[in-house]
Amino acid sequence: MIKIDFGNSSENEIQDFYKAVSSKVRYFREKNKIAQLDLALDIGIKSVAFYSNCENNKYNKHFNLEHLYKLSKALNVNIIDFLK
């Protein structure tokens with residue numbers, strides 16, 4: 001396994017950050033009563049499994065900036081709301 005130097009951020013802090021962002025995405029998706037499949041397809045992710053892994057932080061998968069931008073548009077929220 002390759003050890004990554006996160007500078008002043010620990011690996012756990014980075015994972016907690018990804019979890020917090022994913023949790024916000026899930027919150028807004030559920031608030032809008034949108035299924036994972038529908039949202040994944042709407043933003044151009046062809047695999048609901050990949051989307052689900054990102055939303056649930058499994059297998060070290062997470063949303064990238066493009067995903068977050070498209071999610072913010074689809075969910076009608078400011079991208080900043082995912083980071084609060």
# chains A, B, ... in the order shown; residues from 1 in each chain; ligands from 1
>>> residues_around(residues="Tyr51 in chain A", least_positions_apart="2", cutoff="9 Å", atoms="only C-alpha atoms", output="MDAnalysis selection string")
chainID A and resid 36:37 39:40 45:49 53:56 61:63
>>> write_last_selection(atoms="C-alpha atoms", output="tab-separated table (two decimals), in the first residue's frame")
chain	number	residue	atom	x	y	z
A	36	GLN	CA	-30.17	7.03	-6.47
A	37	LEU	CA	-30.68	5.55	-9.93
A	39	LEU	CA	-30.06	11.04	-9.84
A	40	ALA	CA	-27.09	9.02	-11.09
A	45	ILE	CA	-23.24	8.39	-14.02
A	46	LYS	CA	-24.27	5.25	-15.85
A	47	SER	CA	-23.71	2.91	-12.91
A	48	VAL	CA	-25.99	3.17	-9.90
A	49	ALA	CA	-23.50	0.92	-8.08
A	53	ASN	CA	-20.54	3.54	-3.48
A	54	CYS	CA	-19.79	7.27	-3.62
A	55	GLU	CA	-22.81	8.16	-1.49
A	56	ASN	CA	-21.96	5.42	1.04
A	61	LYS	CA	-15.13	5.87	-3.99
A	62	HIS	CA	-16.18	9.49	-3.68
A	63	PHE	CA	-17.72	12.28	-5.70
>>> residues_around(residues="range 19-32 of chain A", least_positions_apart="5", cutoff="12 Å", atoms="only C-alpha atoms", output="MDAnalysis selection string")
chainID A and resid 12:14 37:40 51:58 60:65 67:84
>>> select_by_dssp(residues="chain A", states="helix (DSSP H, G or I)", output="ChimeraX atom specification")
/A:11-31,36-42,48-56,65-75,79-82
